[in-house]
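S.K.: Structure supplied as upload-v4.csv; contents: CSV, C-alpha atoms and all ligand atoms.
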```
chain,number,residue,atom,x,y,z
P,1,MET,CA,-40.4,-119.6,127.4
P,2,SER,CA,-39.2,-121.6,124.5
P,3,HIS,CA,-36.8,-120.2,122.0
P,4,ALA,CA,-39.4,-120.4,119.2
P,5,GLU,CA,-41.9,-118.3,121.3
P,6,ARG,CA,-39.2,-115.7,121.9
P,7,ILE,CA,-38.6,-115.3,118.2
P,8,LEU,CA,-42.3,-115.0,117.5
P,9,MET,CA,-42.7,-112.4,120.3
P,10,GLY,CA,-41.2,-109.5,118.2
P,11,PRO,CA,-40.7,-106.7,117.5
P,12,GLY,CA,-37.3,-106.7,119.3
P,13,PRO,CA,-34.0,-106.8,117.5
P,14,SER,CA,-33.8,-109.7,115.1
P,15,ASN,CA,-31.1,-110.6,112.7
P,16,PRO,CA,-32.8,-111.3,109.3
P,17,TYR,CA,-34.5,-108.4,107.5
P,18,PRO,CA,-38.3,-109.0,107.2
P,19,GLU,CA,-37.9,-109.2,103.4
P,20,VAL,CA,-35.5,-112.1,103.9
P,21,THR,CA,-37.9,-114.0,106.2
P,22,GLU,CA,-40.6,-113.6,103.5
P,23,ALA,CA,-38.3,-114.8,100.8
P,24,MET,CA,-37.5,-118.0,102.7
P,25,VAL,CA,-41.1,-119.3,102.6
P,26,ARG,CA,-41.5,-119.0,98.8
P,27,PRO,CA,-42.2,-122.2,96.9
P,28,VAL,CA,-39.1,-124.3,96.4
P,29,VAL,CA,-38.3,-125.0,92.7
P,30,GLY,CA,-35.7,-127.3,91.2
P,31,HIS,CA,-32.1,-126.2,91.3
P,32,LEU,CA,-31.9,-126.2,87.5
P,33,ASP,CA,-35.2,-124.4,87.0
P,34,PRO,CA,-34.7,-121.6,84.6
P,35,GLY,CA,-36.4,-119.2,87.0
P,36,PHE,CA,-34.0,-120.2,89.7
P,37,LEU,CA,-31.0,-119.9,87.5
P,38,ALA,CA,-32.0,-116.4,86.6
P,39,LEU,CA,-32.3,-115.6,90.3
P,40,LEU,CA,-28.9,-117.1,90.9
P,41,ASP,CA,-27.4,-114.9,88.2
P,42,GLU,CA,-29.0,-111.9,89.7
P,43,THR,CA,-27.8,-112.8,93.2
P,44,ASN,CA,-24.2,-113.1,91.8
P,45,ASP,CA,-24.6,-109.7,90.2
P,46,ARG,CA,-25.7,-108.2,93.5
P,47,LEU,CA,-22.7,-109.8,95.1
P,48,ARG,CA,-20.4,-108.2,92.6
P,49,THR,CA,-21.9,-104.8,93.5
P,50,VAL,CA,-21.5,-105.5,97.2
P,51,TRP,CA,-18.0,-106.9,96.9
P,52,ARG,CA,-17.0,-104.0,94.6
P,53,THR,CA,-15.6,-106.3,92.0
P,54,ASP,CA,-15.9,-107.4,88.4
P,55,ASN,CA,-14.6,-110.9,89.2
P,56,PRO,CA,-16.6,-113.3,87.0
P,57,LEU,CA,-16.2,-116.0,89.7
P,58,THR,CA,-18.3,-114.4,92.4
P,59,PHE,CA,-21.1,-116.5,94.0
P,60,ALA,CA,-22.4,-117.8,97.3
P,61,LEU,CA,-20.8,-121.1,98.4
P,62,SER,CA,-23.0,-123.6,100.2
P,63,GLY,CA,-22.0,-123.6,103.8
P,64,THR,CA,-21.3,-121.0,106.5
P,65,GLY,CA,-18.4,-118.6,106.6
P,66,SER,CA,-16.0,-121.3,107.7
P,67,ALA,CA,-16.7,-123.2,104.5
P,68,GLY,CA,-15.6,-120.1,102.7
P,69,MET,CA,-12.4,-120.0,104.7
P,70,GLU,CA,-11.7,-123.7,103.9
P,71,ALA,CA,-12.5,-123.2,100.2
P,72,ALA,CA,-10.1,-120.3,100.0
P,73,PHE,CA,-7.2,-122.3,101.3
P,74,VAL,CA,-7.9,-125.7,99.9
P,75,ASN,CA,-8.0,-124.4,96.3
P,76,VAL,CA,-4.8,-122.5,96.2
P,77,VAL,CA,-2.5,-124.1,98.8
P,78,ASN,CA,-0.2,-127.0,97.8
P,79,PRO,CA,1.6,-129.1,100.5
P,80,GLY,CA,4.8,-127.3,101.5
P,81,ASP,CA,3.6,-123.9,100.3
P,82,VAL,CA,4.4,-121.0,102.6
P,83,VAL,CA,1.3,-119.3,103.9
P,84,VAL,CA,1.7,-116.1,106.0
P,85,VAL,CA,-1.3,-115.6,108.4
P,86,GLY,CA,-2.0,-112.5,110.4
P,87,VAL,CA,-3.2,-113.6,113.9
P,88,ASN,CA,-4.8,-111.2,116.3
P,89,GLY,CA,-7.8,-113.2,117.3
P,90,ALA,CA,-9.8,-116.4,117.1
P,91,PHE,CA,-10.5,-116.2,113.3
P,92,GLY,CA,-6.8,-115.6,112.4
P,93,GLU,CA,-6.1,-118.6,114.6
P,94,ARG,CA,-8.7,-120.7,112.7
P,95,MET,CA,-7.0,-119.7,109.4
P,96,CYS,CA,-3.8,-121.1,110.7
P,97,ASP,CA,-5.5,-124.4,111.5
P,98,VAL,CA,-7.1,-124.6,108.1
P,99,ALA,CA,-3.8,-123.8,106.3
P,100,ARG,CA,-2.0,-126.4,108.4
P,101,ARG,CA,-4.5,-129.0,107.4
P,102,CYS,CA,-3.6,-128.2,103.7
P,103,ARG,CA,-0.1,-129.1,104.9
P,104,ALA,CA,1.1,-125.5,104.3
P,105,GLU,CA,4.2,-124.1,106.1
P,106,VAL,CA,2.4,-121.5,108.2
P,107,VAL,CA,4.2,-118.3,109.1
P,108,ARG,CA,2.3,-116.5,111.8
P,109,VAL,CA,2.5,-112.7,112.3
P,110,GLU,CA,0.9,-111.9,115.6
P,111,ALA,CA,-0.5,-108.9,117.3
P,112,PRO,CA,-2.0,-109.0,120.8
P,113,TRP,CA,-5.8,-109.5,121.0
P,114,GLY,CA,-7.4,-106.0,120.8
P,115,GLN,CA,-4.6,-104.6,118.7
P,116,PRO,CA,-4.5,-104.4,114.9
P,117,LEU,CA,-1.9,-106.2,112.8
P,118,ASP,CA,1.1,-104.3,111.5
P,119,PRO,CA,0.8,-104.5,107.7
P,120,GLU,CA,4.5,-104.0,107.1
P,121,GLN,CA,5.2,-106.9,109.4
P,122,VAL,CA,2.8,-109.1,107.5
P,123,LEU,CA,4.5,-108.2,104.2
P,124,ALA,CA,8.0,-108.7,105.6
P,125,ALA,CA,7.3,-112.0,107.2
P,126,HIS,CA,8.6,-114.1,104.3
P,127,PRO,CA,10.3,-113.1,101.0
P,128,ASN,CA,8.1,-115.1,98.7
P,129,PRO,CA,5.0,-116.7,100.3
P,130,ALA,CA,2.3,-118.4,98.2
P,131,VAL,CA,-0.4,-116.9,100.2
P,132,ILE,CA,-0.9,-113.9,102.6
P,133,ALA,CA,-4.0,-114.3,104.6
P,134,VAL,CA,-5.7,-111.8,107.0
P,135,VAL,CA,-9.0,-111.3,108.8
P,136,HIS,CA,-10.5,-107.9,107.9
P,137,ALA,CA,-12.9,-107.6,110.8
P,138,GLU,CA,-11.8,-109.7,113.8
P,139,THR,CA,-15.1,-110.6,115.4
P,140,SER,CA,-13.4,-112.0,118.5
P,141,THR,CA,-11.9,-108.6,119.4
P,142,GLY,CA,-13.8,-105.9,117.4
P,143,VAL,CA,-10.6,-104.9,115.7
P,144,ARG,CA,-10.3,-103.9,112.0
P,145,ASN,CA,-7.1,-104.9,110.3
P,146,ASP,CA,-5.9,-102.8,107.4
P,147,VAL,CA,-6.2,-104.6,104.1
P,148,GLY,CA,-5.9,-101.9,101.4
P,149,CYS,CA,-2.2,-101.4,102.1
P,150,LEU,CA,-1.3,-105.1,101.6
P,151,SER,CA,-1.7,-105.3,97.8
P,152,HIS,CA,1.3,-103.1,97.0
P,153,GLY,CA,3.8,-105.4,98.7
P,154,LYS,CA,2.3,-108.8,98.1
P,155,GLY,CA,4.5,-109.7,95.1
P,156,ASP,CA,3.5,-113.1,93.7
P,157,ALA,CA,1.5,-114.1,96.8
P,158,LEU,CA,-2.2,-114.4,96.6
P,159,LEU,CA,-4.0,-112.2,99.1
P,160,VAL,CA,-6.8,-114.1,101.0
P,161,VAL,CA,-9.1,-111.9,103.1
P,162,ASP,CA,-11.8,-113.0,105.6
P,163,CYS,CA,-14.6,-110.6,105.2
P,164,VAL,CA,-17.2,-112.5,107.2
P,165,THR,CA,-18.0,-109.6,109.5
P,166,SER,CA,-17.0,-106.7,107.2
P,167,LEU,CA,-19.0,-107.2,104.1
P,168,GLY,CA,-22.0,-104.8,104.1
P,169,GLY,CA,-20.9,-103.2,107.4
P,170,ILE,CA,-17.7,-101.3,106.6
P,171,PRO,CA,-16.0,-100.6,103.2
P,172,VAL,CA,-14.7,-103.6,101.4
P,173,GLU,CA,-13.1,-103.0,98.0
P,174,ILE,CA,-12.0,-106.2,96.4
P,175,ASP,CA,-10.8,-104.8,93.1
P,176,ALA,CA,-9.3,-101.5,94.4
P,177,TRP,CA,-7.4,-103.5,97.1
P,178,ASP,CA,-6.4,-106.2,94.7
P,179,VAL,CA,-7.7,-109.0,96.9
P,180,ASP,CA,-7.4,-112.5,95.3
P,181,LEU,CA,-9.8,-114.6,97.3
P,182,ALA,CA,-12.4,-113.3,99.8
P,183,TYR,CA,-15.2,-115.0,101.6
P,184,SER,CA,-18.0,-113.8,103.8
P,185,GLY,CA,-21.0,-115.1,105.7
P,186,THR,CA,-24.7,-114.3,105.3
P,187,GLN,CA,-25.6,-113.9,109.0
P,188,LYS,CA,-23.3,-111.0,109.9
P,189,CYS,CA,-23.7,-107.6,108.3
P,190,LEU,CA,-25.8,-108.9,105.4
P,191,GLY,CA,-28.8,-109.6,107.7
P,192,VAL,CA,-29.6,-113.1,106.3
P,193,PRO,CA,-29.7,-116.3,108.3
P,194,PRO,CA,-26.5,-118.5,108.3
P,195,GLY,CA,-26.0,-121.0,105.6
P,196,LEU,CA,-24.1,-119.4,102.6
P,197,SER,CA,-20.7,-118.0,102.2
P,198,PRO,CA,-20.4,-115.1,99.6
P,199,PHE,CA,-17.2,-115.7,97.7
P,200,THR,CA,-15.1,-114.0,95.1
P,201,VAL,CA,-12.0,-115.0,93.2
P,202,SER,CA,-9.6,-112.9,91.0
P,203,ALA,CA,-8.6,-114.1,87.6
P,204,ARG,CA,-5.0,-114.4,89.0
P,205,ALA,CA,-6.2,-116.8,91.7
P,206,VAL,CA,-8.2,-118.9,89.2
P,207,GLU,CA,-4.9,-119.4,87.3
P,208,ARG,CA,-3.4,-120.7,90.5
P,209,PHE,CA,-6.0,-123.3,91.5
P,210,VAL,CA,-4.4,-126.5,92.6
P,211,GLU,CA,-5.1,-129.5,90.4
P,212,ARG,CA,-7.0,-131.8,92.8
P,213,PRO,CA,-8.0,-130.0,95.9
P,214,GLN,CA,-8.3,-132.2,99.0
P,215,SER,CA,-12.0,-131.4,99.2
P,216,TRP,CA,-14.3,-132.5,96.5
P,217,TYR,CA,-17.3,-130.5,97.8
P,218,LEU,CA,-15.3,-127.2,97.9
P,219,ASP,CA,-13.5,-127.7,94.5
P,220,LEU,CA,-14.0,-124.2,93.1
P,221,SER,CA,-13.2,-125.2,89.5
P,222,MET,CA,-16.0,-127.7,89.5
P,223,ILE,CA,-18.4,-125.3,91.3
P,224,ALA,CA,-17.5,-122.6,88.7
P,225,ASP,CA,-19.1,-124.7,86.0
P,226,TYR,CA,-22.4,-124.5,87.8
P,227,VAL,CA,-22.4,-120.9,88.9
P,228,SER,CA,-21.0,-119.2,85.8
P,229,ALA,CA,-23.7,-117.6,83.8
P,230,GLY,CA,-23.9,-118.1,80.1
P,231,GLY,CA,-22.4,-121.5,79.2
P,232,ALA,CA,-24.0,-124.9,79.9
P,233,ARG,CA,-24.5,-125.5,83.6
P,234,ALA,CA,-22.9,-128.6,84.9
P,235,TYR,CA,-24.5,-130.2,88.0
P,236,HIS,CA,-22.1,-130.2,90.9
P,237,HIS,CA,-24.2,-130.2,94.0
P,238,THR,CA,-27.8,-129.1,94.7
P,239,ALA,CA,-28.0,-125.4,95.5
P,240,PRO,CA,-29.8,-124.7,98.8
P,241,ILE,CA,-32.7,-123.0,97.1
P,242,SER,CA,-34.4,-121.2,100.0
P,243,MET,CA,-31.1,-119.9,101.3
P,244,VAL,CA,-30.4,-118.4,97.8
P,245,TYR,CA,-33.8,-116.8,97.9
P,246,ALA,CA,-32.9,-115.3,101.3
P,247,LEU,CA,-29.5,-114.0,100.2
P,248,HIS,CA,-31.1,-112.5,97.0
P,249,ALA,CA,-33.6,-110.7,99.2
P,250,GLY,CA,-31.0,-109.5,101.7
P,251,LEU,CA,-28.8,-108.2,99.0
P,252,GLY,CA,-31.8,-106.5,97.5
P,253,VAL,CA,-32.4,-104.7,100.8
P,254,LEU,CA,-28.8,-103.7,100.9
P,255,VAL,CA,-28.6,-102.4,97.3
P,256,ASP,CA,-31.9,-100.5,97.8
P,257,GLU,CA,-30.5,-98.8,100.9
P,258,GLY,CA,-27.2,-98.2,99.1
P,259,LEU,CA,-23.9,-99.7,100.2
P,260,GLU,CA,-22.5,-96.4,101.4
P,261,ALA,CA,-25.7,-95.7,103.3
P,262,SER,CA,-25.4,-99.1,105.0
P,263,TRP,CA,-21.8,-98.4,106.0
P,264,GLU,CA,-22.9,-95.0,107.4
P,265,ARG,CA,-25.7,-96.6,109.3
P,266,HIS,CA,-23.3,-99.1,110.9
P,267,ALA,CA,-20.8,-96.3,111.6
P,268,ALA,CA,-23.4,-94.1,113.3
P,269,CYS,CA,-24.6,-97.0,115.5
P,270,GLY,CA,-21.1,-98.0,116.4
P,271,ALA,CA,-20.1,-94.4,117.3
P,272,MET,CA,-23.2,-94.0,119.5
P,273,LEU,CA,-22.4,-97.3,121.2
P,274,HIS,CA,-18.7,-96.5,121.8
P,275,ASP,CA,-19.5,-93.0,123.1
P,276,GLY,CA,-22.3,-94.3,125.3
P,277,LEU,CA,-20.3,-97.1,126.8
P,278,GLU,CA,-17.5,-94.7,127.7
P,279,ALA,CA,-20.0,-92.3,129.2
P,280,LEU,CA,-21.1,-95.2,131.4
P,281,GLY,CA,-17.5,-95.4,132.6
P,282,LEU,CA,-16.7,-98.6,130.7
P,283,GLU,CA,-13.4,-99.3,128.9
P,284,LEU,CA,-13.4,-100.3,125.2
P,285,PHE,CA,-11.1,-103.2,124.5
P,286,ALA,CA,-10.2,-102.7,120.8
P,287,GLU,CA,-7.5,-100.1,120.0
P,288,ALA,CA,-8.9,-96.6,119.1
P,289,GLY,CA,-8.7,-96.0,115.3
P,290,HIS,CA,-9.2,-99.7,114.6
P,291,ARG,CA,-12.6,-100.2,116.2
P,292,LEU,CA,-15.3,-101.9,114.2
P,293,PRO,CA,-18.7,-100.3,114.4
P,294,GLU,CA,-20.5,-103.6,113.9
P,295,LEU,CA,-18.7,-105.5,116.7
P,296,THR,CA,-17.8,-103.6,119.9
P,297,SER,CA,-15.7,-105.3,122.6
P,298,VAL,CA,-15.8,-103.7,126.1
P,299,ARG,CA,-14.1,-104.8,129.3
P,300,ILE,CA,-16.6,-106.3,131.8
P,301,PRO,CA,-16.8,-104.0,134.8
P,302,ALA,CA,-16.5,-106.9,137.3
P,303,ASP,CA,-16.9,-104.6,140.4
P,304,ARG,CA,-20.1,-103.1,139.0
P,305,LEU,CA,-22.2,-106.2,138.3
P,306,PRO,CA,-25.4,-106.5,140.3
P,307,ASP,CA,-25.2,-108.5,143.5
P,308,GLY,CA,-25.2,-112.2,143.0
P,309,MET,CA,-24.9,-112.0,139.2
P,310,ASP,CA,-21.8,-113.0,137.2
P,311,GLU,CA,-21.2,-111.7,133.7
P,312,ALA,CA,-23.0,-114.6,132.1
P,313,ALA,CA,-26.0,-114.0,134.3
P,314,CYS,CA,-26.1,-110.4,133.2
P,315,ARG,CA,-26.0,-111.4,129.5
P,316,ARG,CA,-28.8,-113.9,130.2
P,317,ALA,CA,-30.9,-111.2,131.9
P,318,LEU,CA,-30.5,-108.9,128.9
P,319,LEU,CA,-31.8,-111.7,126.7
P,320,ASP,CA,-34.6,-112.8,128.9
P,321,ARG,CA,-35.9,-109.4,130.0
P,322,TYR,CA,-35.2,-107.3,126.9
P,323,GLY,CA,-34.6,-109.6,124.0
P,324,ILE,CA,-31.0,-108.2,123.7
P,325,GLU,CA,-28.3,-110.8,123.0
P,326,ILE,CA,-24.7,-109.9,123.5
P,327,GLY,CA,-21.7,-112.2,123.3
P,328,GLY,CA,-19.1,-113.2,125.8
P,329,GLY,CA,-15.4,-113.2,125.3
P,330,LEU,CA,-13.6,-115.9,123.4
P,331,GLY,CA,-10.2,-117.6,124.1
P,332,PRO,CA,-7.8,-115.6,126.2
P,333,VAL,CA,-10.4,-112.8,126.9
P,334,ALA,CA,-13.2,-115.1,128.0
P,335,GLY,CA,-14.8,-113.6,131.1
P,336,GLN,CA,-13.0,-110.3,130.5
P,337,VAL,CA,-14.9,-108.7,127.6
P,338,TRP,CA,-18.4,-108.5,126.3
P,339,ARG,CA,-18.9,-108.4,122.5
P,340,ILE,CA,-21.8,-106.4,121.2
P,341,GLY,CA,-22.9,-106.9,117.6
P,342,LEU,CA,-24.7,-104.3,115.5
P,343,MET,CA,-25.0,-106.0,112.2
P,344,GLY,CA,-27.3,-105.7,109.3
P,345,HIS,CA,-30.9,-105.2,110.4
P,346,THR,CA,-29.9,-104.9,114.1
P,347,ALA,CA,-27.7,-101.9,113.4
P,348,ARG,CA,-30.3,-99.4,114.5
P,349,LEU,CA,-29.9,-96.4,116.8
P,350,ARG,CA,-33.0,-97.5,118.8
P,351,ASN,CA,-31.3,-100.8,119.6
P,352,VAL,CA,-28.2,-98.9,120.9
P,353,ALA,CA,-30.3,-96.5,122.9
P,354,LEU,CA,-32.2,-99.5,124.5
P,355,LEU,CA,-29.0,-101.4,125.4
P,356,LEU,CA,-27.3,-98.3,126.9
P,357,ALA,CA,-30.3,-97.5,129.0
P,358,VAL,CA,-30.6,-101.0,130.3
P,359,LEU,CA,-26.9,-101.4,130.9
P,360,GLY,CA,-26.8,-98.2,132.8
P,361,GLU,CA,-29.6,-99.3,135.0
P,362,MET,CA,-28.1,-102.8,135.5
P,363,LEU,CA,-24.6,-101.7,136.4
P,364,ASP,CA,-25.7,-98.9,138.8
P,365,GLY,CA,-28.9,-100.5,140.1
P,401,LIG,C1,-18.3,-115.7,112.1
P,401,LIG,C2,-17.0,-115.7,111.5
P,401,LIG,C3,-16.4,-116.8,110.8
P,401,LIG,C4,-17.1,-118.1,110.8
P,401,LIG,O1,-18.3,-118.1,110.1
P,401,LIG,P1,-19.3,-119.2,110.4
P,401,LIG,O2,-20.5,-118.7,109.5
P,401,LIG,O3,-19.6,-119.2,111.8
P,401,LIG,O4,-18.8,-120.5,109.9
P,401,LIG,C5,-15.2,-116.6,110.2
P,401,LIG,N1,-14.5,-115.4,110.3
P,401,LIG,C6,-15.0,-114.4,111.0
P,401,LIG,C7,-14.2,-113.1,111.1
P,401,LIG,C8,-16.2,-114.5,111.6
P,401,LIG,O5,-16.8,-113.4,112.3
```
Would it be possible to restate this file's structure as structure tokens?
M.R.:
Amino acid sequence: MSHAERILMGPGPSNPYPEVTEAMVRPVVGHLDPGFLALLDETNDRLRTVWRTDNPLTFALSGTGSAGMEAAFVNVVNPGDVVVVGVNGAFGERMCDVARRCRAEVVRVEAPWGQPLDPEQVLAAHPNPAVIAVVHAETSTGVRNDVGCLSHGKGDALLVVDCVTSLGGIPVEIDAWDVDLAYSGTQKCLGVPPGLSPFTVSARAVERFVERPQSWYLDLSMIADYVSAGGARAYHHTAPISMVYALHAGLGVLVDEGLEASWERHAACGAMLHDGLEALGLELFAEAGHRLPELTSVRIPADRLPDGMDEAACRRALLDRYGIEIGGGLGPVAGQVWRIGLMGHTARLRNVALLLAVLGEMLDG
């Protein structure tokens, strides 16, 4: 069966909300069309609601979550700046790589995969860093790192937070947590296809933009002239029109449901999955108290896999037979853990019930 046919098969779990799929087939207008600019402004307003911020510079960057990560560093890091990065998974590691390419002096604060970062250790790592950067929801391990407690001790440092897998799924409070730059992605808990990176910048961070970022495309001060409402819009690059329609629709679904209601839905699904996996005798990988509802990591029960099937074959069977896609482990935990996402539209109790039933049968059958 081709991939396209599987998508058309429905009504199994799918990532985009149906409203979003509909939005993407609307006629494509010009990127300076007044109607489109109004929709862009409304999208940015919805983003402020979801980010819980009043930051004027709040918009969706063209590119996936990693483009957001790159934009966050390239606009505020000068060569030689000290950047403290919390590393307890693949995405903290990616932050280090990006910061190094900005020629920062990177100070790593590590925790083992599966464990949360120690916020006090992050704050104590350097007396006066230019930037402190952490991943809020580590998708490679299913661990939530505490962000709210970093603002009190950050001093002059700018706080950069990766919210790719947290936005819409668990509480994110940009203003209350005094976060300076945050980026997300559309395809995780927002339930929109990949392609944009919701982004928000504090006034304090705008003041600290480097003069000529190494990237032209991700130069936030140039992009700001296009995205800011009110004044004359200066062309910078063509907005990906259909993706903005999609994000506008996805945020509409989220705002209609209510942000808190969405957090609760993700929490209920995560709790049911965590309990259900333990009831099947499986061991959760992420430390209790810091487990994400939207991404669950579980140790693969190597001795309980069906005869002749390795872990990849099990995942493949889940996909082919039931339309359920789960992820394998990354980096040091490849082959050791499965990662189960419940994000956006897929965070439904019925999806959890189906997976638990199928997994129970597969492991004991
Ligand atoms: C998915 C993810 C990214 C990268 O986003 P892309 O859209 O794949 O570029 C970055 N950080 C975290 C925590 C993620 O989960």
S.K.: Do a neighbour search on stretch 272-285 of chain P at 8 Å with all atoms listed in the file, toss out local chain neighbours closer than 6 positions, and write the hits as a list of chain:residue names.
M.R.: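 The neighbour list is P:Gly114, P:Thr141, P:Thr296, P:Ser297, P:Val298, P:Arg299, P:Ile300, P:Pro301, P:Val337, P:Leu349, P:Val352, P:Leu356, P:Gly360.
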S.K.: Kindly export the residues of the current selection with C-alpha atoms, as a short mmCIF file (atom, residue, chain, number, x, y, z; two decimals), in the coordinates of the input.
M.R.:
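The result, stored in selection-v5.cif:
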```
data_model
loop_
_atom_site.label_atom_id
_atom_site.label_comp_id
_atom_site.auth_asym_id
_atom_site.auth_seq_id
_atom_site.Cartn_x
_atom_site.Cartn_y
_atom_site.Cartn_z
CA GLY P 114 -7.40 -106.00 120.80
CA THR P 141 -11.90 -108.60 119.40
CA THR P 296 -17.80 -103.60 119.90
CA SER P 297 -15.70 -105.30 122.60
CA VAL P 298 -15.80 -103.70 126.10
CA ARG P 299 -14.10 -104.80 129.30
CA ILE P 300 -16.60 -106.30 131.80
CA PRO P 301 -16.80 -104.00 134.80
CA VAL P 337 -14.90 -108.70 127.60
CA LEU P 349 -29.90 -96.40 116.80
CA VAL P 352 -28.20 -98.90 120.90
CA LEU P 356 -27.30 -98.30 126.90
CA GLY P 360 -26.80 -98.20 132.80
#
```
S.K.: Collect all residues with atoms no farther than 6 Å from ligand LIG 401 (chain P), counting only C-alpha atoms and all ligand atoms, and output them as a PDB file with C-alpha atoms, in the frame of the given file.
M.R.:
```pdb
ATOM      1  CA  THR P  64     -21.300-121.000 106.500  1.00  0.00           C
ATOM      2  CA  GLY P  65     -18.400-118.600 106.600  1.00  0.00           C
ATOM      3  CA  SER P  66     -16.000-121.300 107.700  1.00  0.00           C
ATOM      4  CA  PHE P  91     -10.500-116.200 113.300  1.00  0.00           C
ATOM      5  CA  VAL P 135      -9.000-111.300 108.800  1.00  0.00           C
ATOM      6  CA  ALA P 137     -12.900-107.600 110.800  1.00  0.00           C
ATOM      7  CA  GLU P 138     -11.800-109.700 113.800  1.00  0.00           C
ATOM      8  CA  THR P 139     -15.100-110.600 115.400  1.00  0.00           C
ATOM      9  CA  ASP P 162     -11.800-113.000 105.600  1.00  0.00           C
ATOM     10  CA  VAL P 164     -17.200-112.500 107.200  1.00  0.00           C
ATOM     11  CA  THR P 165     -18.000-109.600 109.500  1.00  0.00           C
ATOM     12  CA  GLY P 185     -21.000-115.100 105.700  1.00  0.00           C
TER      13      GLY P 185
END
```
S.K.: Atom CA of P:Glu361 and atom CA of P:Ile326, how far apart in Å?
M.R.: 16.4 Å
S.K.: Would you mind telling me which residue in P:Ser184, P:Asn15, P:Asn75, P:Thr58 lies nearest to P:Asp41 when using all atoms listed in the file?
M.R.: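 Nearest to P:Asp41: P:Thr58.
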S.K.: I'd like the interatomic distance between atom CA of P:Pro293 and atom CA of P:Val50, to a tenth of an Å.
M.R.: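 Pair atom CA of P:Pro293 / atom CA of P:Val50 returns 18.2 Å.
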S.K.: Using all atoms listed in the file, find the one residue out of P:Ala271, P:Leu159, P:Ala334, P:Val76 that sits nearest to P:Glu207.
M.R.: P:Val76
S.K.: Atom CA of P:Gly168 and atom CA of P:Glu287 are how many Å apart?
M.R.: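 That distance, rounded to one decimal, is 22.0 Å.
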S.K.: For stretch 142-157 of chain P, work out the shell of residues within 8 Å, counting all atoms listed in the file and skipping chain neighbours fewer than 2 positions away, then give it as a count of residues only.
M.R.: 34
S.K.: Just checking: using all atoms listed in the file, which residue out of P:Leu167, P:Val77, P:Leu181, P:Val201 ends up closest to P:Leu259?
M.R.: P:Leu167
S.K.: Using all atoms listed in the file, which of the listed residues (P:Met95, P:Val84, P:Val227, P:Cys269) sits closest to P:Asn351?
M.R.: P:Cys269
S.K.: Contacts of P:Val107 at 12 Å or less, counting all atoms listed in the file, minus same-chain residues fewer than 3 places along, as a PyMOL selection string?
M.R.: chain P and resi 80-87+92-93+95-97+99-100+104+110+121-133
